[in-house]
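The structure appears below as structure tokens.
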Amino acid sequence: MRAWTVRTPGRLDPAELPVPRPAAGELLVRVRACGVCRTDLHVRDGELPPHRTPVVPGHEVVGEVVAAGPGAAGHAVGARVGVPWLRHTCGRCRFCRGGRENLCPHSRYTGWDADGGYAEYTTVPEAYAYPLPEGYPDTALAPLLCAGIIGYRALRRADLPPHGRLGIYGFGGSAHLTAQVALAEGATVHVLTRSASARRLALDLGAASAADAYAAPPEPLDSAILFAPVGDLVPTALTALDAGGTLSIAGIHLSGIPALDYERHLFHERTLRSVTANTRDDGRAFLAAARAHALRTTVTPYPFEQADRALDDLAADRVNGAAVLVM
């Protein structure tokens with residue numbers, strides 16, 4: 001099969017690989033579309049330490065079940081399924097038992113610990129595959145499987161009160177989906193991002209305002225989410241919070257955070273929270289929201305053969321919405 005692999009930091013190389021065989025409890029999936037996530041960029045560029053070399057990146061996979069390994073019987077051949085970032089948790093540690101499997105120290109991830117969706121076929125443990133909502137084309141579904149799910153968890157971690165004021169810093173694939181969920185739930189959304197095209201998209205989706213990333217929002221924020229992997233924005237976002245507000249940082253990688261001034265940035269019970277991966281319950285809840293609200297997924301499609309260009313465009317902020325590889 002055709003695939004793309006990361007062998008050395010900074011490069012994505014085309015390859016011919018054997019079609020994988022599903023192990024016990026796994027599904028073999030023919031890839032129809034795969035979202036291009038900023039985490040893939042971190043894997044390619046070595047900003048995440050290699051867990052497997054070489055590795056096929058990609059963890060926003062929409063595909064068709066073509067075979068099942070021993071013991072996998074919950075998805076019929078021909079079913080459309082989603083292959084997400086979270087691939088394995090132990091089920092035994094205190095985090096798994098306490099409903100926080102996203103913190104499992106034995107967790108493994110698609111496109112980092114195991115080959116992912118920048119290929120014509122991939123495998124997924126059946127227990128971690130998602131049934132997908134109807135009414136969406138493959139390309140629209142792909143970004144939901146990481147960008148949407150992680151954004152949903154970040155929104156919940158931000159403790160946005162009912163009809164609250166939410167600031168969103170950075171407005172790519174994850175943020176533009178999260179904004180729609182917040183708007184559907186009655187929030188006022190203010191978007192702060194350096195991209196002029198992203199600001200136009202935010203206003204088109206219903207944001208109350210859109211300005212440069214370092215600008216002050218027009219009113220104090222109850223909650224904020226930082227999607228841009230830019231540590232310099234942490235004090236900026238904290239300053240924008242009202243008393244008692246919460247800043248949630250959604251990314252798996254963040255550049256250095258400048259020194260914080262306690263009185264200016266944290267006093268008056270402002271809260272700073274990180275987000276680490278997601279639980280399967282997060283995924284199920286977000287996909288239920290996608291069924292209920294008919295989210296508009298803004299997608300820039302790329303032919304499979306141009307995966308390297310898609311990552312370069314993502315790194316340079318040339319992608320409007322979410323980039324998706326199309327088979």
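Chain labels A, B, ... are given in the sequence in which chains occur in the structure tokens; within each chain residues are numbered consecutively from 1, and ligands are likewise numbered from 1 in the order shown.
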For Thr276 (chain A), find every residue with an atom within 10 Å (counting only C-alpha atoms), except residues of its own chain fewer than 3 positions away, and show them as a list in words.
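Everything that qualifies: Asn102, Leu103, Ile150, Arg153, Ala154, Ile249, Ala250, Gly251, Ile252, Arg273 and Thr279 of chain A.
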Can I get the selection written as a CSV table (one decimal), in the first residue's frame, with N, CA, C and O atoms?
chain,number,residue,atom,x,y,z
A,102,ASN,N,-7.7,9.4,30.0
A,102,ASN,CA,-6.8,10.2,29.2
A,102,ASN,C,-5.4,10.4,30.0
A,102,ASN,O,-4.4,10.8,29.3
A,103,LEU,N,-5.4,10.1,31.3
A,103,LEU,CA,-4.2,10.3,32.0
A,103,LEU,C,-3.5,8.9,32.3
A,103,LEU,O,-2.5,8.9,33.0
A,150,ILE,N,-10.8,17.0,21.0
A,150,ILE,CA,-9.9,17.7,21.9
A,150,ILE,C,-10.5,19.1,22.2
A,150,ILE,O,-10.5,19.6,23.4
A,153,ARG,N,-13.2,18.7,24.8
A,153,ARG,CA,-12.7,18.5,26.2
A,153,ARG,C,-12.1,19.9,26.7
A,153,ARG,O,-12.3,20.2,27.9
A,154,ALA,N,-11.4,20.6,25.8
A,154,ALA,CA,-10.9,21.9,26.2
A,154,ALA,C,-12.0,22.9,26.7
A,154,ALA,O,-11.9,23.6,27.6
A,249,ILE,N,-5.7,25.3,28.1
A,249,ILE,CA,-4.7,25.2,27.1
A,249,ILE,C,-4.9,23.8,26.4
A,249,ILE,O,-4.7,22.8,27.0
A,250,ALA,N,-5.2,23.9,25.1
A,250,ALA,CA,-5.7,22.7,24.4
A,250,ALA,C,-4.6,21.9,23.7
A,250,ALA,O,-4.8,20.7,23.4
A,251,GLY,N,-3.4,22.4,23.5
A,251,GLY,CA,-2.5,21.8,22.7
A,251,GLY,C,-1.6,20.7,23.4
A,251,GLY,O,-1.5,20.8,24.6
A,252,ILE,N,-1.1,19.8,22.7
A,252,ILE,CA,-0.2,18.8,23.2
A,252,ILE,C,1.3,19.4,23.3
A,252,ILE,O,2.1,18.8,24.0
A,273,ARG,N,-5.5,25.8,33.3
A,273,ARG,CA,-5.6,24.4,33.1
A,273,ARG,C,-5.0,23.9,31.8
A,273,ARG,O,-5.2,24.5,30.8
A,279,THR,N,-10.8,11.3,26.8
A,279,THR,CA,-11.4,10.0,27.1
A,279,THR,C,-12.3,9.6,26.0
A,279,THR,O,-12.8,10.4,25.2
Would you mind writing down, as a PyMOL selection string, each residue of region 151-234 of chain A that DSSP on the backbone assigns to alpha helix (DSSP H)?
chain A and resi 151-157+173-184+196-205+233-234
Please produce a file of those selected residues containing N, CA and C atoms, as a short mmCIF file (atom, residue, chain, number, x, y, z; two decimals), in the first residue's frame.
data_model
loop_
_atom_site.label_atom_id
_atom_site.label_comp_id
_atom_site.auth_asym_id
_atom_site.auth_seq_id
_atom_site.Cartn_x
_atom_site.Cartn_y
_atom_site.Cartn_z
N GLY A 151 -11.04 19.77 21.19
CA GLY A 151 -11.66 21.06 21.44
C GLY A 151 -12.83 20.97 22.40
N TYR A 152 -13.60 19.88 22.28
CA TYR A 152 -14.73 19.68 23.18
C TYR A 152 -14.24 19.50 24.62
N ARG A 153 -13.19 18.70 24.80
CA ARG A 153 -12.66 18.54 26.16
C ARG A 153 -12.11 19.87 26.69
N ALA A 154 -11.42 20.62 25.82
CA ALA A 154 -10.89 21.92 26.24
C ALA A 154 -12.01 22.86 26.66
N LEU A 155 -13.14 22.82 25.94
CA LEU A 155 -14.28 23.65 26.30
C LEU A 155 -14.82 23.25 27.67
N ARG A 156 -14.93 21.97 27.93
CA ARG A 156 -15.42 21.54 29.23
C ARG A 156 -14.42 21.90 30.34
N ARG A 157 -13.13 21.79 30.06
CA ARG A 157 -12.11 22.15 31.04
C ARG A 157 -12.10 23.66 31.32
N GLY A 173 -8.43 24.20 12.80
CA GLY A 173 -9.36 23.09 12.69
C GLY A 173 -10.13 22.80 13.97
N SER A 174 -9.45 22.82 15.11
CA SER A 174 -10.11 22.52 16.38
C SER A 174 -10.98 23.68 16.85
N ALA A 175 -10.44 24.87 16.78
CA ALA A 175 -11.14 26.04 17.33
C ALA A 175 -12.44 26.33 16.59
N HIS A 176 -12.45 26.17 15.27
CA HIS A 176 -13.67 26.55 14.54
C HIS A 176 -14.81 25.57 14.82
N LEU A 177 -14.50 24.33 15.23
CA LEU A 177 -15.53 23.39 15.64
C LEU A 177 -15.99 23.69 17.07
N THR A 178 -15.04 23.95 17.95
CA THR A 178 -15.36 24.25 19.35
C THR A 178 -16.23 25.50 19.45
N ALA A 179 -15.91 26.50 18.65
CA ALA A 179 -16.70 27.73 18.66
C ALA A 179 -18.16 27.44 18.33
N GLN A 180 -18.40 26.56 17.38
CA GLN A 180 -19.78 26.25 16.99
C GLN A 180 -20.53 25.54 18.11
N VAL A 181 -19.86 24.63 18.84
CA VAL A 181 -20.50 23.98 19.97
C VAL A 181 -20.85 25.01 21.04
N ALA A 182 -19.91 25.90 21.34
CA ALA A 182 -20.16 26.93 22.36
C ALA A 182 -21.30 27.85 21.94
N LEU A 183 -21.32 28.26 20.68
CA LEU A 183 -22.40 29.12 20.19
C LEU A 183 -23.75 28.41 20.27
N ALA A 184 -23.77 27.12 19.91
CA ALA A 184 -25.02 26.35 19.97
C ALA A 184 -25.53 26.23 21.39
N ALA A 196 -5.99 36.74 9.15
CA ALA A 196 -7.14 37.53 8.71
C ALA A 196 -8.25 36.65 8.14
N SER A 197 -7.88 35.59 7.40
CA SER A 197 -8.92 34.71 6.85
C SER A 197 -9.63 33.95 7.97
N ALA A 198 -8.90 33.58 9.02
CA ALA A 198 -9.53 32.90 10.16
C ALA A 198 -10.48 33.85 10.89
N ARG A 199 -10.12 35.12 10.98
CA ARG A 199 -11.02 36.10 11.61
C ARG A 199 -12.32 36.23 10.81
N ARG A 200 -12.20 36.24 9.48
CA ARG A 200 -13.40 36.31 8.64
C ARG A 200 -14.28 35.07 8.85
N LEU A 201 -13.64 33.90 8.92
CA LEU A 201 -14.39 32.67 9.15
C LEU A 201 -15.10 32.71 10.50
N ALA A 202 -14.42 33.21 11.52
CA ALA A 202 -15.02 33.27 12.86
C ALA A 202 -16.28 34.13 12.85
N LEU A 203 -16.22 35.28 12.21
CA LEU A 203 -17.39 36.15 12.15
C LEU A 203 -18.51 35.49 11.35
N ASP A 204 -18.14 34.79 10.27
CA ASP A 204 -19.13 34.10 9.45
C ASP A 204 -19.85 33.01 10.23
N LEU A 205 -19.13 32.37 11.17
CA LEU A 205 -19.72 31.30 11.98
C LEU A 205 -20.54 31.82 13.14
N LEU A 233 1.13 33.75 24.50
CA LEU A 233 -0.27 34.16 24.61
C LEU A 233 -0.89 33.81 25.97
N VAL A 234 -0.20 33.02 26.78
CA VAL A 234 -0.77 32.64 28.08
C VAL A 234 -1.02 33.86 28.96
#
Exercise: region 77-94 of chain A partners within 9 Å, only C-alpha atoms, chain neighbours under 6 positions left out, as a ChimeraX atom specification
/A:29,58-68,100-114,116-117,122-125,127-132,141-142,145-146,277-280,283
All residues 7 Å or closer to region 239-246 of chain A, only C-alpha atoms, same chain fewer than 4 positions away omitted, as a VMD selection string:
chain A and resid 158 to 159 216 to 217 220 to 224 235 264 to 265 268 to 272
How about saving the chosen residues, N, CA, C and O atoms kept, as a tab-separated table (two decimals), in the first residue's frame?
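again.tsv was written with the following content:
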chain	number	residue	atom	x	y	z
A	158	ALA	N	-12.64	24.45	30.41
A	158	ALA	CA	-12.65	25.90	30.59
A	158	ALA	C	-13.75	26.38	31.53
A	158	ALA	O	-13.80	27.57	31.87
A	159	ASP	N	-14.63	25.47	31.96
A	159	ASP	CA	-15.69	25.82	32.92
A	159	ASP	C	-16.50	27.04	32.48
A	159	ASP	O	-16.77	27.95	33.28
A	216	ALA	N	-6.95	43.03	23.01
A	216	ALA	CA	-7.86	42.80	24.13
A	216	ALA	C	-9.26	42.55	23.59
A	216	ALA	O	-9.71	43.26	22.68
A	217	PRO	N	-9.97	41.55	24.10
A	217	PRO	CA	-11.35	41.35	23.67
A	217	PRO	C	-12.21	42.52	24.11
A	217	PRO	O	-11.83	43.29	25.01
A	220	PRO	N	-14.58	41.57	29.35
A	220	PRO	CA	-13.88	40.54	30.12
A	220	PRO	C	-14.47	39.17	29.81
A	220	PRO	O	-15.67	39.02	29.54
A	221	LEU	N	-13.62	38.15	29.88
A	221	LEU	CA	-14.01	36.79	29.52
A	221	LEU	C	-14.27	35.95	30.75
A	221	LEU	O	-13.52	36.01	31.73
A	222	ASP	N	-15.32	35.14	30.71
A	222	ASP	CA	-15.54	34.15	31.76
A	222	ASP	C	-14.58	32.97	31.61
A	222	ASP	O	-14.16	32.38	32.62
A	223	SER	N	-14.27	32.63	30.36
A	223	SER	CA	-13.41	31.49	30.06
A	223	SER	C	-12.65	31.78	28.78
A	223	SER	O	-13.08	32.60	27.95
A	224	ALA	N	-11.52	31.10	28.61
A	224	ALA	CA	-10.76	31.21	27.37
A	224	ALA	C	-10.12	29.87	27.07
A	224	ALA	O	-9.82	29.08	27.98
A	235	PRO	N	-0.02	34.74	29.21
A	235	PRO	CA	-0.32	35.93	30.02
A	235	PRO	C	-1.34	36.84	29.36
A	235	PRO	O	-2.15	37.48	30.05
A	264	ARG	N	-1.41	40.37	38.49
A	264	ARG	CA	-2.00	40.73	37.20
A	264	ARG	C	-2.65	39.55	36.49
A	264	ARG	O	-3.71	39.69	35.87
A	265	HIS	N	-2.03	38.37	36.58
A	265	HIS	CA	-2.46	37.25	35.76
A	265	HIS	C	-3.28	36.18	36.50
A	265	HIS	O	-4.09	35.49	35.89
A	268	HIS	N	-7.43	37.02	42.05
A	268	HIS	CA	-8.89	37.02	41.86
A	268	HIS	C	-9.37	35.68	41.32
A	268	HIS	O	-10.33	35.61	40.55
A	269	GLU	N	-8.68	34.64	41.75
A	269	GLU	CA	-9.11	33.26	41.49
A	269	GLU	C	-9.24	32.93	40.01
A	269	GLU	O	-10.14	32.19	39.60
A	270	ARG	N	-8.32	33.44	39.22
A	270	ARG	CA	-8.21	32.96	37.84
A	270	ARG	C	-7.53	31.60	37.87
A	270	ARG	O	-6.65	31.33	38.68
A	271	THR	N	-7.94	30.73	36.95
A	271	THR	CA	-7.45	29.35	36.92
A	271	THR	C	-6.80	29.07	35.57
A	271	THR	O	-7.33	29.46	34.52
A	272	LEU	N	-5.66	28.37	35.61
A	272	LEU	CA	-4.95	27.95	34.41
A	272	LEU	C	-4.96	26.43	34.36
A	272	LEU	O	-4.53	25.77	35.30
Any idea what the distance is between CA of Asp45 (chain A) and CA of Leu325 (chain A)?
18.9 Å
If we count only C-alpha atoms and set the cut-off at 12 Å, which residues sit around Phe304 (chain A), ignoring sequence neighbours fewer than 5 positions away in its own chain? Please answer as a short mmCIF file (atom, residue, chain, number, x, y, z; two decimals) with all heavy atoms, in the first residue's frame.
data_model
loop_
_atom_site.label_atom_id
_atom_site.label_comp_id
_atom_site.auth_asym_id
_atom_site.auth_seq_id
_atom_site.Cartn_x
_atom_site.Cartn_y
_atom_site.Cartn_z
N ARG A 2 0.32 2.35 -0.47
CA ARG A 2 1.00 3.64 -0.41
C ARG A 2 0.88 4.21 1.01
O ARG A 2 -0.17 4.06 1.64
CB ARG A 2 0.41 4.61 -1.41
CG ARG A 2 0.56 4.22 -2.87
CD ARG A 2 -0.15 5.23 -3.75
NE ARG A 2 -1.57 5.32 -3.43
CZ ARG A 2 -2.33 6.37 -3.70
NH1 ARG A 2 -1.82 7.43 -4.30
NH2 ARG A 2 -3.61 6.37 -3.38
N ALA A 3 1.93 4.85 1.46
CA ALA A 3 1.91 5.46 2.79
C ALA A 3 2.92 6.60 2.83
O ALA A 3 3.77 6.73 1.94
CB ALA A 3 2.24 4.41 3.85
N TRP A 4 2.81 7.40 3.87
CA TRP A 4 3.80 8.43 4.19
C TRP A 4 4.37 8.09 5.57
O TRP A 4 3.61 7.72 6.48
CB TRP A 4 3.16 9.81 4.22
CG TRP A 4 2.75 10.33 2.89
CD1 TRP A 4 1.54 10.14 2.27
CD2 TRP A 4 3.52 11.14 2.01
NE1 TRP A 4 1.52 10.77 1.06
CE2 TRP A 4 2.72 11.41 0.87
CE3 TRP A 4 4.81 11.68 2.07
CZ2 TRP A 4 3.17 12.18 -0.19
CZ3 TRP A 4 5.26 12.45 1.01
CH2 TRP A 4 4.46 12.69 -0.11
N PRO A 14 7.46 9.44 1.28
CA PRO A 14 6.57 8.43 0.73
C PRO A 14 7.17 7.04 0.87
O PRO A 14 8.40 6.88 0.87
CB PRO A 14 6.44 8.84 -0.74
CG PRO A 14 7.69 9.62 -1.03
CD PRO A 14 8.08 10.29 0.24
N VAL A 31 -8.69 3.44 4.40
CA VAL A 31 -8.77 4.88 4.68
C VAL A 31 -9.45 5.59 3.51
O VAL A 31 -9.07 5.41 2.34
CB VAL A 31 -7.37 5.46 4.91
CG1 VAL A 31 -7.45 6.97 5.15
CG2 VAL A 31 -6.69 4.76 6.10
N ARG A 32 -10.45 6.40 3.82
CA ARG A 32 -11.14 7.21 2.81
C ARG A 32 -10.76 8.68 2.93
O ARG A 32 -10.70 9.39 1.92
CB ARG A 32 -12.65 7.03 2.95
CG ARG A 32 -13.06 5.65 2.49
CD ARG A 32 -14.42 5.12 2.87
NE ARG A 32 -15.55 6.01 3.00
CZ ARG A 32 -16.81 5.57 3.14
NH1 ARG A 32 -17.06 4.26 3.12
NH2 ARG A 32 -17.80 6.41 3.28
N ALA A 33 -10.48 9.13 4.12
CA ALA A 33 -10.02 10.50 4.35
C ALA A 33 -9.28 10.52 5.68
O ALA A 33 -9.58 9.74 6.58
CB ALA A 33 -11.19 11.48 4.38
N CYS A 34 -8.31 11.43 5.80
CA CYS A 34 -7.56 11.57 7.06
C CYS A 34 -7.26 13.04 7.29
O CYS A 34 -6.64 13.70 6.44
CB CYS A 34 -6.26 10.76 7.01
SG CYS A 34 -5.35 10.81 8.59
N GLY A 35 -7.70 13.54 8.42
CA GLY A 35 -7.41 14.92 8.77
C GLY A 35 -5.93 15.13 9.03
O GLY A 35 -5.21 14.22 9.44
N VAL A 36 -5.48 16.35 8.79
CA VAL A 36 -4.09 16.75 9.01
C VAL A 36 -4.09 17.63 10.25
O VAL A 36 -4.56 18.77 10.23
CB VAL A 36 -3.53 17.49 7.79
CG1 VAL A 36 -2.09 17.94 8.04
CG2 VAL A 36 -3.60 16.61 6.55
N GLY A 58 -1.03 10.41 11.40
CA GLY A 58 -2.43 10.53 11.04
C GLY A 58 -3.36 9.84 12.01
O GLY A 58 -3.28 8.62 12.19
N GLY A 117 -3.13 7.05 9.73
CA GLY A 117 -3.96 7.16 8.55
C GLY A 117 -3.37 7.82 7.33
O GLY A 117 -4.08 8.00 6.33
N TYR A 118 -2.06 8.18 7.36
CA TYR A 118 -1.44 8.66 6.13
C TYR A 118 -1.04 7.43 5.30
O TYR A 118 0.12 7.23 4.95
CB TYR A 118 -0.21 9.50 6.44
CG TYR A 118 -0.45 10.89 6.99
CD1 TYR A 118 -1.60 11.21 7.69
CD2 TYR A 118 0.51 11.90 6.82
CE1 TYR A 118 -1.80 12.48 8.21
CE2 TYR A 118 0.32 13.17 7.33
CZ TYR A 118 -0.83 13.46 8.03
OH TYR A 118 -1.02 14.72 8.54
N ALA A 119 -2.00 6.61 5.00
CA ALA A 119 -1.78 5.35 4.30
C ALA A 119 -3.12 4.89 3.74
O ALA A 119 -4.18 5.40 4.12
CB ALA A 119 -1.21 4.29 5.24
N GLU A 120 -3.06 3.90 2.87
CA GLU A 120 -4.30 3.40 2.28
C GLU A 120 -5.08 2.49 3.22
O GLU A 120 -6.31 2.35 3.07
CB GLU A 120 -3.99 2.68 0.97
CG GLU A 120 -3.49 3.64 -0.11
CD GLU A 120 -3.17 2.95 -1.41
OE1 GLU A 120 -2.28 2.08 -1.43
OE2 GLU A 120 -3.81 3.29 -2.43
N ARG A 309 2.89 18.68 1.47
CA ARG A 309 2.50 20.09 1.28
C ARG A 309 1.43 20.49 2.28
O ARG A 309 1.42 21.63 2.78
CB ARG A 309 1.98 20.29 -0.15
CG ARG A 309 1.64 21.75 -0.45
CD ARG A 309 1.41 21.99 -1.93
NE ARG A 309 0.15 21.44 -2.40
CZ ARG A 309 -1.02 22.11 -2.34
NH1 ARG A 309 -1.07 23.32 -1.81
NH2 ARG A 309 -2.12 21.56 -2.80
N ALA A 310 0.51 19.59 2.60
CA ALA A 310 -0.53 19.91 3.58
C ALA A 310 0.09 20.26 4.93
O ALA A 310 -0.32 21.23 5.59
CB ALA A 310 -1.49 18.74 3.72
N LEU A 311 1.11 19.49 5.36
CA LEU A 311 1.76 19.79 6.63
C LEU A 311 2.52 21.11 6.56
O LEU A 311 2.51 21.90 7.52
CB LEU A 311 2.71 18.66 7.02
CG LEU A 311 2.06 17.43 7.65
CD1 LEU A 311 3.10 16.35 7.89
CD2 LEU A 311 1.36 17.78 8.96
N ALA A 323 -7.23 20.97 7.30
CA ALA A 323 -6.70 20.27 6.13
C ALA A 323 -7.08 18.80 6.22
O ALA A 323 -7.02 18.21 7.30
CB ALA A 323 -5.18 20.43 6.05
N VAL A 324 -7.44 18.20 5.08
CA VAL A 324 -7.84 16.79 5.05
C VAL A 324 -7.24 16.13 3.82
O VAL A 324 -7.38 16.66 2.71
CB VAL A 324 -9.38 16.63 5.03
CG1 VAL A 324 -9.76 15.15 4.93
CG2 VAL A 324 -10.01 17.25 6.27
N LEU A 325 -6.57 14.99 4.02
CA LEU A 325 -6.08 14.18 2.91
C LEU A 325 -7.23 13.33 2.39
O LEU A 325 -7.95 12.71 3.17
CB LEU A 325 -4.95 13.25 3.36
CG LEU A 325 -3.71 13.91 3.98
CD1 LEU A 325 -2.68 12.84 4.29
CD2 LEU A 325 -3.13 14.96 3.05
N VAL A 326 -7.36 13.30 1.07
CA VAL A 326 -8.46 12.57 0.43
C VAL A 326 -7.88 11.47 -0.45
O VAL A 326 -7.00 11.71 -1.27
CB VAL A 326 -9.33 13.52 -0.41
CG1 VAL A 326 -10.48 12.75 -1.04
CG2 VAL A 326 -9.86 14.65 0.45
N MET A 327 -8.36 10.25 -0.23
CA MET A 327 -7.89 9.13 -1.06
C MET A 327 -8.58 9.17 -2.42
O MET A 327 -9.75 9.46 -2.52
CB MET A 327 -8.22 7.81 -0.36
CG MET A 327 -7.42 7.58 0.88
SD MET A 327 -5.65 7.53 0.50
CE MET A 327 -4.99 7.32 2.13
#
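Nearest residue to Thr39 (chain A) among A:Pro301, A:Pro229, A:Pro54, A:Pro162 is A:Pro229, counting only C-alpha atoms.
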Can you tell me, as JSON, numbers by chain, which residues in region 69-301 of chain A count as strand (DSSP E or B) by DSSP?
{"A": [80, 81, 82, 83, 86, 87, 88, 108, 109, 110, 114, 119, 121, 122, 123, 124, 125, 130, 131, 165, 166, 167, 168, 169, 188, 189, 190, 191, 192, 209, 210, 211, 221, 222, 223, 224, 225, 226, 241, 242, 243, 244, 245, 246, 247, 248, 249, 271, 272, 273, 274, 299, 300, 301]}
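Comparing the minimum interatomic distances between Leu41 (chain A) and each of A:Pro137, A:Gly98, A:Pro22, A:Pro9, counting only C-alpha atoms, we find that A:Pro9 sits nearest.
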Please determine, counting only C-alpha atoms, which residue among A:Asp282, A:Ala24, A:Arg165, A:Glu126 has the shortest atom-to-atom distance to Ala76 (chain A).
A:Glu126
Proximity to Glu26 (chain A) - best of A:Val56, A:Asp40, A:Ala259, A:Ala72, only C-alpha atoms:
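Selected residue with least distance to Glu26 (chain A): A:Ala72.
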Using only C-alpha atoms, pick whichever of A:Tyr302, A:Ala288, A:Ala210, A:Leu166 has the shortest atom-to-atom distance to Ala237 (chain A).
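Using only C-alpha atoms, Ala237 (chain A) sits closest to A:Leu166.
Of the listed residues A:Leu48, A:Val55, A:Leu295, A:Tyr121, the one whose atoms come nearest to Val19 (chain A) is A:Tyr121, with distances taken using only C-alpha atoms.
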So what do you get for CA of Tyr169 (chain A) versus CA of Ala292 (chain A), distance-wise?
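Atom-to-atom, CA of Tyr169 (chain A) and CA of Ala292 (chain A) are spaced 25.5 Å apart.
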Enter the distance from CA of His51 (chain A) to CA of Ile149 (chain A), in Å, rounded to one decimal.
22.7 Å
